[in-house]
Protein chains: 2
Amino acid sequence: MANSKLRVLPLGGLGEIGKNMTVVEYDGAIVVVDTGLRFPTTEQVGIDLVLPDFTYLRERAEDIEGIVITHGHEDHLGALPWILRELGTDIPVFGGPLTMAMARSKLDEHRLKETDLNDVRPGETLELGPFDIELIHLTHSIPDMMAVALTTDLGTMLITGDYKFDQTPVDGKPADVSRLAELGREGLLLLCGDSTNADRPGFSPSESIAGPNLEALFGRCDGRIIVTCFASNIHRVQQVADAARVHGRKVVLVGRSMRKNINIGRMLGHIDVPEGSFVQPREANNFPDNKLVIVSTGSQGEPLSALRRMAHRDHPQVELHDGDTVVFAASPIPGNERAVNETIDRLYHIGCNVVTPADTPIHASGHGYQEEIKLMLNLTKPKYVMPFHGDHKRIHLHGELAKSVGVPEANIFKGENGLPLELDKSGAKFGKRERAGMIYVDGVDIGDPTDVALRDRRMLSADGIFVVVATISEQDGSSVADPEIIFRGVPYSEDAEGLLGDIRQFVNGSLARAAGEEIREIDLLQQKLHDDLAAFVYDRLKRRPMVLPVVVEV
Amino acid sequence: MANSKLRVLPLGGLGEIGKNMTVVEYDGAIVVVDTGLRFPTTEQVGIDLVLPDFTYLRERAEDIEGIVITHGHEDHLGALPWILRELGTDIPVFGGPLTMAMARSKLDEHRLKETDLNDVRPGETLELGPFDIELIHLTHSIPDMMAVALTTDLGTMLITGDYKFDQTPVDGKPADVSRLAELGREGLLLLCGDSTNADRPGFSPSESIAGPNLEALFGRCDGRIIVTCFASNIHRVQQVADAARVHGRKVVLVGRSMRKNINIGRMLGHIDVPEGSFVQPREANNFPDNKLVIVSTGSQGEPLSALRRMAHRDHPQVELHDGDTVVFAASPIPGNERAVNETIDRLYHIGCNVVTPADTPIHASGHGYQEEIKLMLNLTKPKYVMPFHGDHKRIHLHGELAKSVGVPEANIFKGENGLPLELDKSGAKFGKRERAGMIYVDGVDIGDPTDVALRDRRMLSADGIFVVVATISEQDGSSVADPEIIFRGVPYSEDAEGLLGDIRQFVNGSLARAAGEEIREIDLLQQKLHDDLAAFVYDRLKRRPMVLPVVVEV
């Protein structure tokens, strides 16, 4: 083992925000840290979810000693069902109790019952093959967030997960800085830290700032209050419930994921409210407006979320009206601004008052700012640094922060998905690139990353489709019925009838020419029809709808 | 004329940001103020541009005395070619000289040569039917922005267009507050003011702040500098050119609209630089990196813009590299954040340094903030207020500002597109709703607003399409060839071949049943096939691709 290599291979989360997943390898054994997903961009038309391409693990499934999940957010946990389904449900999975409860609920929905989930508490150590593993409690926007320290003969590396140094967390359990400092004193080999807020100067505000501001805000509201935040932000919901109690209001939870997460949170003791604080949505109408706070999903303007449906006057239980105050206790994630703004504007149109974090401090980021990233570096004193969880910009900026606290530039590795960092006694360097990328979840299938279906969909969505069916005789290739022409999604044209007639005539001409040239092979004939017709349609419409010729021989 | 009504009918710009257009009517005569467009949202798949539905004007074309354009931005000017083409190119159009030059360039591109464009200078008055019209110079992010005062027997109304009160504009020509004050002293009947920044407290910074900050920034750059901003922001480009000159750098203009607008600006004297300051893109390689500033389109991450192509290493003239500094002298418009962030991240990946308005003040909004909106209200002292240019939120907030300076709530009209405000001697109230909405520009056609093509495209883009061609005998409806099945954009499936075989079998079964039930009418048969097959496909794929059955009788 003297010349064993430690390989750290990110399969997701570098050069992007989301789908965090890392393979750590030593002496033939593998531990996977996090199995996250991300949500599709508008370019990824019709795609439901995006997972890290884990082909690398498919070939090495039997070497996996375990999967460790830092916390219960989708971008760290969400891909777990697909990965276990493909690689084997017998792979042991480890994480904090809340994280494992959320994993179990997710696996249940995927009907994966026989899995091996294991609660780990902070400070406990695990032995997974050649790795000694310890989970270290840090603070984030969900309870039970734990950094993962992996120790081998070469030393200790730390994957931070998502963290901030909240000195006054709502549950009174700050990050275990003492253990981080101890790692630093022992000498940390490698730090793989969160870069999400590497572009924000200073320290992040504490989650606890939200409580008093929510309480003051509620005191200014006469009517009903609707608060929207992330369903997994259990401490935020706790603070909303506390503020509601001060003003004698009952709390109603609306939205499936909100109800599910808060239920789990209550069972595990993360939510602490007196009996009777929560009421069911169906009971809400028994209370006057000024005795209610509705807590709802939809802070990102998600299409099917409860708040979006309320804003569109399409929610079965909650009908908004003049005098309601809607409180956004979350900021839009980049890319969601338009959906959030549209939702807000609909709320104004209904006559609601809308309050956002731009108006009063009712949201705190779960990711540490620049000074916290520096604090992490100074506490753990890593020899090598590989920034995690960030697009190229944030990884670059995290690298600059590492330089600013004295890490030599040569020891800072700005990585990419699929690029393994290899460490041994002699040093660290990037190794040979491995396969990494995206796989799509589309309905029930996991798709191939090079799927042409997406390209087709983009084309179909841009300009629509023409289908032309030509029926020819098996004997001599002559047309035996007038061509059928169907179009969908093609620009409206005053002159559609004329155009269809012209196309029919053009197809007949093209078929006759083909028959003259003795082109009889169906594929060739379809190709020829396609090329001729595409040019004709472009000439007429100045658009390029998909042209799909079907030649039927009878 | 004692009981004549003044009607102010917004066809666009209320309850939305963009496509500003207003019909002002008195005594049977119409003046149109602004003819703007907006850009499609991602929901409006495959649409190129969105115009106001101007059906109302189609029926009243002969009553139009003229069109007045406040300034040359797309959201005030862009729909002009379509409107003139439909309503008549003989309708006279009025605006400032730069506005008219931009209109001419636009109309030329649409091959509308014989139009009636008329330069109007501030302070000049026009007589259009019963209207006395005066254009009043205000400041904005494009020169030659003019508010429109329309006077009838009933009094004077003012449509502000887009404005800020810039006390130190780059061209030294501040807003004509004196004339606005005079209108106030005479007693303004109605103010229709810009609401774009009704949500921002305080005063907007002056455009002139950008110059010194650009100069200081350029001084810190060793390599090439690429600045991106709006192509119409002529004063910003002037400031970039000034800063470049200070540091001995030549300026290269890249991107079609940038070159076009700056050419027009130079011809009209809005850009003032010494001979030899600008060099052609093809000459740029003759200069060392530290002697160049490239000014480029693409500040909003637009797909085909010069900067986006550079970021994708796909620009024919400019290849970016390590050491280049890219300066975003513009903020992303809401909805463009993701495209801008993606562009920035690609620039970091190339190794460029990126500077944005979040880093140093190199951008100033062209729209006045809350204190400027109040100043406008206090200067003009309107009896009635109808906020313009804003979504419901901003119109609401503009209304609150009007209340705060003493306009009675009953005199504040929060309008909507299609809802005319009617004023006469007895007062003001909303009249009967007129048709208003969107029309789409899609390729060469203007589409119907209720076009099903869009719904089809959304469906196609979400789940793709199955085309099934069945050939049956005219005699007895029996199948004479195996059904052809083609799919596009449908999720990849390992089992595609099996699925196709099953579908073929299913279609044959469905056809046989139909023949048994004596269903022979083609439309009915297709409907039945569609319903059967859609259910079968959903059952197998858990997706709803469009199903398009074609039955051919031979």
# chains A, B, ... in the order shown; residues from 1 in each chain; ligands from 1

$ residues_around --residues "range 330-347 of chain A" --least-positions-apart "5" --cutoff "9 Å" --atoms "only C-alpha atoms" --output "PyMOL selection string"
(chain A and resi 41+228-230+298-303+307-308+310-312+320-321+352-354+356-358+362-365) or (chain B and resi 15-16+334-339+341+391-394)

$ write_last_selection --atoms "C-alpha atoms" --output "mmCIF file, in the first residue's frame"
data_model
loop_
_atom_site.group_PDB
_atom_site.id
_atom_site.type_symbol
_atom_site.label_atom_id
_atom_site.label_comp_id
_atom_site.auth_asym_id
_atom_site.auth_seq_id
_atom_site.Cartn_x
_atom_site.Cartn_y
_atom_site.Cartn_z
ATOM 1 C CA THR A 41 -32.868 24.150 -17.892
ATOM 2 C CA THR A 228 -43.717 30.480 1.204
ATOM 3 C CA CYS A 229 -40.257 28.958 1.681
ATOM 4 C CA PHE A 230 -38.345 25.807 0.791
ATOM 5 C CA GLY A 298 -43.871 27.554 -4.370
ATOM 6 C CA SER A 299 -41.202 30.054 -3.330
ATOM 7 C CA GLN A 300 -39.465 29.464 -6.678
ATOM 8 C CA GLY A 301 -42.615 29.911 -8.777
ATOM 9 C CA GLU A 302 -42.651 26.200 -9.610
ATOM 10 C CA PRO A 303 -45.473 25.447 -12.077
ATOM 11 C CA LEU A 307 -48.541 29.052 -4.274
ATOM 12 C CA ARG A 308 -48.400 29.191 -8.055
ATOM 13 C CA MET A 310 -53.162 30.007 -5.647
ATOM 14 C CA ALA A 311 -51.792 32.880 -7.748
ATOM 15 C CA HIS A 312 -53.578 31.414 -10.768
ATOM 16 C CA LEU A 320 -56.536 34.325 -2.233
ATOM 17 C CA HIS A 321 -58.182 37.714 -2.014
ATOM 18 C CA CYS A 352 -52.520 40.782 -2.260
ATOM 19 C CA ASN A 353 -49.743 42.580 -0.487
ATOM 20 C CA VAL A 354 -46.396 40.911 -1.244
ATOM 21 C CA THR A 356 -39.952 39.626 -0.149
ATOM 22 C CA PRO A 357 -36.443 39.441 1.360
ATOM 23 C CA ALA A 358 -35.713 42.666 -0.572
ATOM 24 C CA ILE A 362 -36.681 37.213 6.340
ATOM 25 C CA HIS A 363 -34.275 34.996 4.465
ATOM 26 C CA ALA A 364 -30.702 33.921 5.155
ATOM 27 C CA SER A 365 -28.619 31.904 2.728
ATOM 28 C CA GLY B 15 -49.608 44.611 -16.611
ATOM 29 C CA GLU B 16 -46.403 43.712 -18.422
ATOM 30 C CA PRO B 334 -35.354 40.007 -15.373
ATOM 31 C CA GLY B 335 -35.636 36.641 -17.099
ATOM 32 C CA ASN B 336 -32.193 36.871 -18.716
ATOM 33 C CA GLU B 337 -30.232 36.020 -15.554
ATOM 34 C CA ARG B 338 -29.600 32.410 -16.481
ATOM 35 C CA ALA B 339 -28.337 33.228 -19.988
ATOM 36 C CA ASN B 341 -24.741 33.717 -15.840
ATOM 37 C CA ASP B 391 -46.449 44.991 -14.506
ATOM 38 C CA HIS B 392 -49.294 44.964 -11.980
ATOM 39 C CA LYS B 393 -46.855 45.279 -9.105
ATOM 40 C CA ARG B 394 -45.159 48.390 -10.451
#

$ residues_around --residues "Leu14 in chain B" --least-positions-apart "5" --cutoff "6 Å" --atoms "only C-alpha atoms" --output "compact mmCIF listing (two decimals) with all heavy atoms, in the first residue's frame"
# COMPACT_ATOMS: atom_id res chain seq x y z
N PHE B 388 -48.17 53.99 -16.37
CA PHE B 388 -47.87 53.25 -17.61
C PHE B 388 -46.63 52.40 -17.40
O PHE B 388 -45.93 52.52 -16.39
CB PHE B 388 -47.58 54.25 -18.73
CG PHE B 388 -48.76 54.57 -19.61
CD1 PHE B 388 -50.05 54.52 -19.11
CD2 PHE B 388 -48.58 54.93 -20.95
CE1 PHE B 388 -51.14 54.82 -19.93
CE2 PHE B 388 -49.66 55.24 -21.76
CZ PHE B 388 -50.94 55.19 -21.26
N HIS B 389 -46.31 51.58 -18.40
CA HIS B 389 -45.03 50.87 -18.47
C HIS B 389 -44.69 50.11 -17.19
O HIS B 389 -43.71 50.42 -16.50
CB HIS B 389 -43.85 51.82 -18.75
CG HIS B 389 -44.07 52.75 -19.90
ND1 HIS B 389 -44.96 52.50 -20.90
CD2 HIS B 389 -43.48 53.93 -20.21
CE1 HIS B 389 -44.94 53.49 -21.78
NE2 HIS B 389 -44.05 54.37 -21.39
N GLY B 390 -45.47 49.12 -16.88
CA GLY B 390 -45.15 48.32 -15.71
C GLY B 390 -46.08 47.14 -15.55
O GLY B 390 -47.20 47.14 -16.07
N GLU B 416 -55.35 48.53 -17.41
CA GLU B 416 -54.93 47.29 -18.04
C GLU B 416 -54.94 47.50 -19.54
O GLU B 416 -55.67 48.35 -20.04
CB GLU B 416 -55.90 46.15 -17.69
CG GLU B 416 -55.85 45.76 -16.23
CD GLU B 416 -56.86 44.67 -15.91
OE1 GLU B 416 -57.17 43.85 -16.81
OE2 GLU B 416 -57.31 44.63 -14.76
N ASN B 417 -54.18 46.67 -20.24
CA ASN B 417 -54.25 46.72 -21.69
C ASN B 417 -55.70 46.48 -22.12
O ASN B 417 -56.36 45.57 -21.63
CB ASN B 417 -53.38 45.63 -22.32
CG ASN B 417 -51.90 45.86 -22.06
OD1 ASN B 417 -51.48 47.00 -21.81
ND2 ASN B 417 -51.12 44.80 -22.12

$ residues_around --residues "range 382-384 of chain A" --least-positions-apart "4" --cutoff "12 Å" --atoms "only C-alpha atoms" --output "PyMOL selection string"
chain A and resi 155-159+180-193+374-378+399+402-403+405-414+421-424+427-429

$ select_by_dssp --residues "range 104-323 of chain B" --states "strand (DSSP E or B)" --output "ChimeraX atom specification"
/B:116-119,125-128,131-137,139,146-152,155-159,164,188-192,194,225-228,250-254,278-279,292-296

$ closest_residue --among "A:Met459, A:Ile486, A:Ala453, A:Val468" --to "chain B" --atoms "only C-alpha atoms"
A:Ala453

$ closest_residue --among "B:Val227, B:Leu107, B:Val31, B:Ala534" --to "Asp132 in chain B" --atoms "only C-alpha atoms"
B:Val31

$ interface_residues --of "chain A" --to "chain B" --cutoff "8 Å" --atoms "only C-alpha atoms" --output "ChimeraX atom specification"
/A:42,45-47,334-338,344-346,348-349,391-393,396,442-445,447-448,451-458,460-464,469,471,480-481,484,488-493,541-543,550,552-554

$ closest_residue --among "A:Leu419, A:Leu214, A:Val293, A:Ile519" --to "Arg7 in chain A" --atoms "only C-alpha atoms"
A:Leu419
